[in-house]
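Comments concern the structure below.
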Amino acid sequence: MSQLVFDEETGKQLEALYRIGDTVRRRRLVRAALAAAPGERILDVGCGPGFFCAELIDEVGPEGVIVGVDASPQMLSLAARRCEAHSNVVLHQADATSLTVEDSGFDGALCVQVLEYVPDVAAGLAELYRALRPGGRVVIWDVDWSTVSWHSLDATRMERILGSWAEHLAHSSLPRTLGPAMRAAGFEQVEMEAHSFASAKFDPQTYGVALLPVIRSFVVGRGDITEPEATLWAAEQRELGKRREYFFACTQFCFKATRTS
Ligand SMILES: C[S@@+](CC[C@H](N)C(=O)[O-])C[C@H]1O[C@@H](n2cnc3c(N)ncnc32)[C@H](O)[C@@H]1O
């Protein structure tokens with residue numbers, strides 16, 4: 001079965017998902033880990049709709065440069081619109097495993113929820129390493145989807161829906177092996193922090209609630225999941241919310257490391 005396609009429809013969903021409080025918090029954590037400084041050149045691999053590119057420009061200032069790379073032309077056009085006021089944001093279409101950027105040209109790089117979609121993670125890490133100058137820092141963020149704990153009175157249906165959602169990417173538990181993979185790529189000082197995105201309230205600003213329409217549209221028609229079943233699954237969550245019985249939690253992981261030589 002095919003992975004999630006980053007087309008215009010997914011672009012609309014991500015534009016909404018990336019505005020909620022939980023995703024704003026996630027960007028704040030990534031930016032703090034990267035600690036971009038005025039004048040730096042920063043590479044954003046899998047830049048998506050360009051939220052990081054637009055925000056990082058404030059940190060690198062007019063002397064700095066942000067290069068955003070993404071495989072999807074639809075995502076790049078959203079990023080171009082978001083960054084149109086900034087001449088020092090440059091966007092390229094390329095795969096994470098064959099970046100069209102110079103060797104050792106960047107002080108910092110970020111790759112947020114991208115490698116989990118890339119079948120050849122080692123090739124993606126090799127490209128991040130190649131693009132950084134000696135002393136350059138990388139921040140990589142991915143979700144371990146097996147940590148999702150989501151209450152439902154129909155546990156079998158929840159399991160079927162989450163099982164189908166696991167097909168939306170190449171590696172559903174990438175953080176488990178990412179540290180050793182980063183060291184194998186040559187990175188040093190590899191550190192990991194775990195961040196919980198959990199809510200016991202049906203709040204549209206939280207990750208679980210905001211994911212409902214994205215998951216619903218992905219799973220319909222996959223395997224034997226029908227539109228009515230997926231609609232009932234999402235409706236149950238709203239109902240649990242009204243009864244104050246909603247619960248969602250998942251753990252996301254932030255890795256940072258340095259190319260020392
Ligand atoms: C979940 S979005 C994350 C976007 C952005 N990093 C953020 O956090 O705001 C994943 C992005 O990775 C891109 N992507 C997936 N596979 C890729 C690949 N092999 N090479 C480059 N980009 C890829 C998608 O097009 C999409 O824009």
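To be explicit about the labels: the chains of the structure tokens are called A, B, and onward in the order shown, and within each one the residues are counted from 1, while ligands get numbers from 1 in the order they are shown.
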Kindly provide, as a PyMOL selection string, all nucleotide and amino acid residues lying within 9 Å of ligand 1, counting only C-alpha atoms and all ligand atoms.
chain A and resi 4-7+11+14+18+23+26-27+44-53+69-76+93-99+110-120+124+141+169
Contacts of Val139 (chain A) at 10 Å (only C-alpha atoms; same-chain gap of 5+ positions) as a PDB file with C-alpha atoms, in the first residue's frame:
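Listed below is the output, part38.pdb:
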```pdb
ATOM      1  CA  VAL A  30      13.247  22.445  17.462  1.00  0.00           C
ATOM      2  CA  ARG A  31      14.375  26.062  17.128  1.00  0.00           C
ATOM      3  CA  ALA A  32      15.736  26.050  20.690  1.00  0.00           C
ATOM      4  CA  ALA A  33      17.682  22.824  19.969  1.00  0.00           C
ATOM      5  CA  LEU A  34      19.111  24.242  16.725  1.00  0.00           C
ATOM      6  CA  ALA A  35      19.985  27.637  18.264  1.00  0.00           C
ATOM      7  CA  ASP A  44      15.750  22.712   6.192  1.00  0.00           C
ATOM      8  CA  GLY A 108      23.046  24.111  10.854  1.00  0.00           C
ATOM      9  CA  ALA A 109      20.423  21.763   9.444  1.00  0.00           C
ATOM     10  CA  LEU A 110      17.006  20.562  10.531  1.00  0.00           C
ATOM     11  CA  CYS A 111      14.894  17.676   9.322  1.00  0.00           C
ATOM     12  CA  VAL A 112      11.568  17.584  11.145  1.00  0.00           C
ATOM     13  CA  VAL A 190      24.288  12.660  19.530  1.00  0.00           C
ATOM     14  CA  GLU A 191      21.675  13.578  22.154  1.00  0.00           C
ATOM     15  CA  MET A 192      17.996  12.668  22.330  1.00  0.00           C
ATOM     16  CA  CYS A 254      14.276  15.387  19.124  1.00  0.00           C
ATOM     17  CA  PHE A 255      17.822  14.325  18.219  1.00  0.00           C
ATOM     18  CA  LYS A 256      20.650  16.788  17.995  1.00  0.00           C
ATOM     19  CA  ALA A 257      24.239  16.147  16.954  1.00  0.00           C
ATOM     20  CA  THR A 258      27.348  17.748  15.504  1.00  0.00           C
TER      21      THR A 258
END
```
Show me, as a VMD selection string, the residues that have an atom within 7 Å of region 172-181 of chain A when counting only C-alpha atoms, minus same-chain residues fewer than 6 positions from it.
chain A and resid 116 122 142 to 146 166 190 253
Among the residues of region 29-144 of chain A, find those DSSP assigns to helix (DSSP H, G or I) from the backbone and print them as a PyMOL selection string.
chain A and resi 29-34+51-60+73-82+115-117+121-131
Residues within 12 Å of region 232-245 of chain A, only C-alpha atoms, excluding chain neighbours under 3 positions, as a PyMOL selection string
chain A and resi 150-162+199-204+208-217+219-220+225-229+248
Pairwise distance, CA of Ala185 (chain A) with CA of Ala36 (chain A), equals 22.5 Å
Among region 94-193 of chain A, which ones does DSSP place in strand (DSSP E), written as a ChimeraX atom specification?
/A:106-112,132-143,149-150,188-193
Please produce an output containing N, CA, C and O atoms for each residue in the selection, written as a tab-separated table (two decimals), in the first residue's frame.
```tsv
chain	number	residue	atom	x	y	z
A	106	PHE	N	26.75	24.60	5.21
A	106	PHE	CA	25.75	25.05	6.19
A	106	PHE	C	26.27	24.96	7.63
A	106	PHE	O	26.98	24.03	7.99
A	107	ASP	N	25.85	25.96	8.42
A	107	ASP	CA	26.20	25.97	9.85
A	107	ASP	C	25.25	25.07	10.63
A	107	ASP	O	25.61	24.58	11.71
A	108	GLY	N	24.03	24.92	10.15
A	108	GLY	CA	23.05	24.11	10.85
A	108	GLY	C	22.06	23.51	9.87
A	108	GLY	O	21.87	24.03	8.76
A	109	ALA	N	21.45	22.40	10.29
A	109	ALA	CA	20.42	21.76	9.44
A	109	ALA	C	19.33	21.19	10.34
A	109	ALA	O	19.60	20.79	11.47
A	110	LEU	N	18.11	21.20	9.81
A	110	LEU	CA	17.01	20.56	10.53
A	110	LEU	C	16.25	19.66	9.57
A	110	LEU	O	16.27	19.88	8.34
A	111	CYS	N	15.62	18.65	10.14
A	111	CYS	CA	14.89	17.68	9.32
A	111	CYS	C	13.78	17.16	10.23
A	111	CYS	O	13.98	16.25	11.04
A	112	VAL	N	12.62	17.82	10.15
A	112	VAL	CA	11.57	17.58	11.15
A	112	VAL	C	10.45	16.75	10.54
A	112	VAL	O	9.78	17.18	9.59
A	132	LEU	N	26.67	19.81	5.99
A	132	LEU	CA	27.14	20.62	7.13
A	132	LEU	C	28.64	20.87	7.07
A	132	LEU	O	29.40	19.99	6.67
A	133	ARG	N	29.04	22.04	7.52
A	133	ARG	CA	30.48	22.31	7.67
A	133	ARG	C	30.96	21.60	8.93
A	133	ARG	O	30.16	21.31	9.83
A	134	PRO	N	32.27	21.33	9.05
A	134	PRO	CA	32.77	20.80	10.32
A	134	PRO	C	32.38	21.77	11.44
A	134	PRO	O	32.53	22.99	11.29
A	135	GLY	N	31.85	21.23	12.50
A	135	GLY	CA	31.34	22.08	13.60
A	135	GLY	C	29.85	22.38	13.46
A	135	GLY	O	29.25	22.95	14.37
A	136	GLY	N	29.28	22.01	12.33
A	136	GLY	CA	27.84	22.30	12.09
A	136	GLY	C	26.94	21.38	12.91
A	136	GLY	O	27.31	20.25	13.24
A	137	ARG	N	25.72	21.90	13.24
A	137	ARG	CA	24.78	21.13	14.08
A	137	ARG	C	23.58	20.67	13.26
A	137	ARG	O	23.12	21.38	12.36
A	138	VAL	N	23.07	19.50	13.64
A	138	VAL	CA	21.84	19.01	13.02
A	138	VAL	C	20.78	18.74	14.10
A	138	VAL	O	21.14	18.33	15.20
A	139	VAL	N	19.52	19.02	13.76
A	139	VAL	CA	18.41	18.65	14.63
A	139	VAL	C	17.44	17.80	13.79
A	139	VAL	O	16.99	18.24	12.73
A	140	ILE	N	17.17	16.61	14.27
A	140	ILE	CA	16.26	15.69	13.56
A	140	ILE	C	15.13	15.32	14.53
A	140	ILE	O	15.39	14.96	15.68
A	141	TRP	N	13.90	15.42	14.04
A	141	TRP	CA	12.73	15.15	14.89
A	141	TRP	C	11.87	14.10	14.20
A	141	TRP	O	11.57	14.24	13.01
A	142	ASP	N	11.52	13.05	14.92
A	142	ASP	CA	10.57	12.07	14.37
A	142	ASP	C	9.64	11.57	15.46
A	142	ASP	O	9.92	11.74	16.65
A	143	VAL	N	8.56	10.95	15.03
A	143	VAL	CA	7.53	10.43	15.94
A	143	VAL	C	7.68	8.91	16.02
A	143	VAL	O	7.93	8.27	15.00
A	149	SER	N	-1.24	6.31	22.39
A	149	SER	CA	-2.18	5.71	23.35
A	149	SER	C	-3.46	6.52	23.23
A	149	SER	O	-3.47	7.72	23.55
A	150	TRP	N	-4.52	5.91	22.72
A	150	TRP	CA	-5.70	6.69	22.32
A	150	TRP	C	-6.94	5.94	22.79
A	150	TRP	O	-7.20	4.82	22.33
A	188	GLU	N	28.58	13.18	15.75
A	188	GLU	CA	29.05	12.97	17.12
A	188	GLU	C	28.19	13.79	18.07
A	188	GLU	O	27.39	14.61	17.63
A	189	GLN	N	28.40	13.58	19.35
A	189	GLN	CA	27.63	14.28	20.40
A	189	GLN	C	26.12	14.13	20.15
A	189	GLN	O	25.37	15.11	20.21
A	190	VAL	N	25.71	12.91	19.82
A	190	VAL	CA	24.29	12.66	19.53
A	190	VAL	C	23.51	12.65	20.85
A	190	VAL	O	23.83	11.88	21.76
A	191	GLU	N	22.51	13.52	20.94
A	191	GLU	CA	21.67	13.58	22.15
A	191	GLU	C	20.22	13.44	21.75
A	191	GLU	O	19.83	13.90	20.68
A	192	MET	N	19.42	12.84	22.64
A	192	MET	CA	18.00	12.67	22.33
A	192	MET	C	17.13	13.19	23.47
A	192	MET	O	17.47	12.99	24.63
A	193	GLU	N	16.06	13.87	23.12
A	193	GLU	CA	15.07	14.27	24.13
A	193	GLU	C	13.70	13.79	23.67
A	193	GLU	O	13.38	13.89	22.48
```
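Counting only C-alpha atoms, the residue from A:Phe247, A:Arg25, A:Thr206, A:Ile42 that sits nearest to Ala131 (chain A) is A:Ile42.
Between Gly64 (chain A) and the candidates A:Thr10, A:Gly39, A:Asp22, A:Ala184, the tightest atom-to-atom separation, counting only C-alpha atoms, involves A:Gly39.
Rounded to one decimal, CA of Leu56 (chain A) and CA of Ala85 (chain A) lie 13.5 Å from each other.
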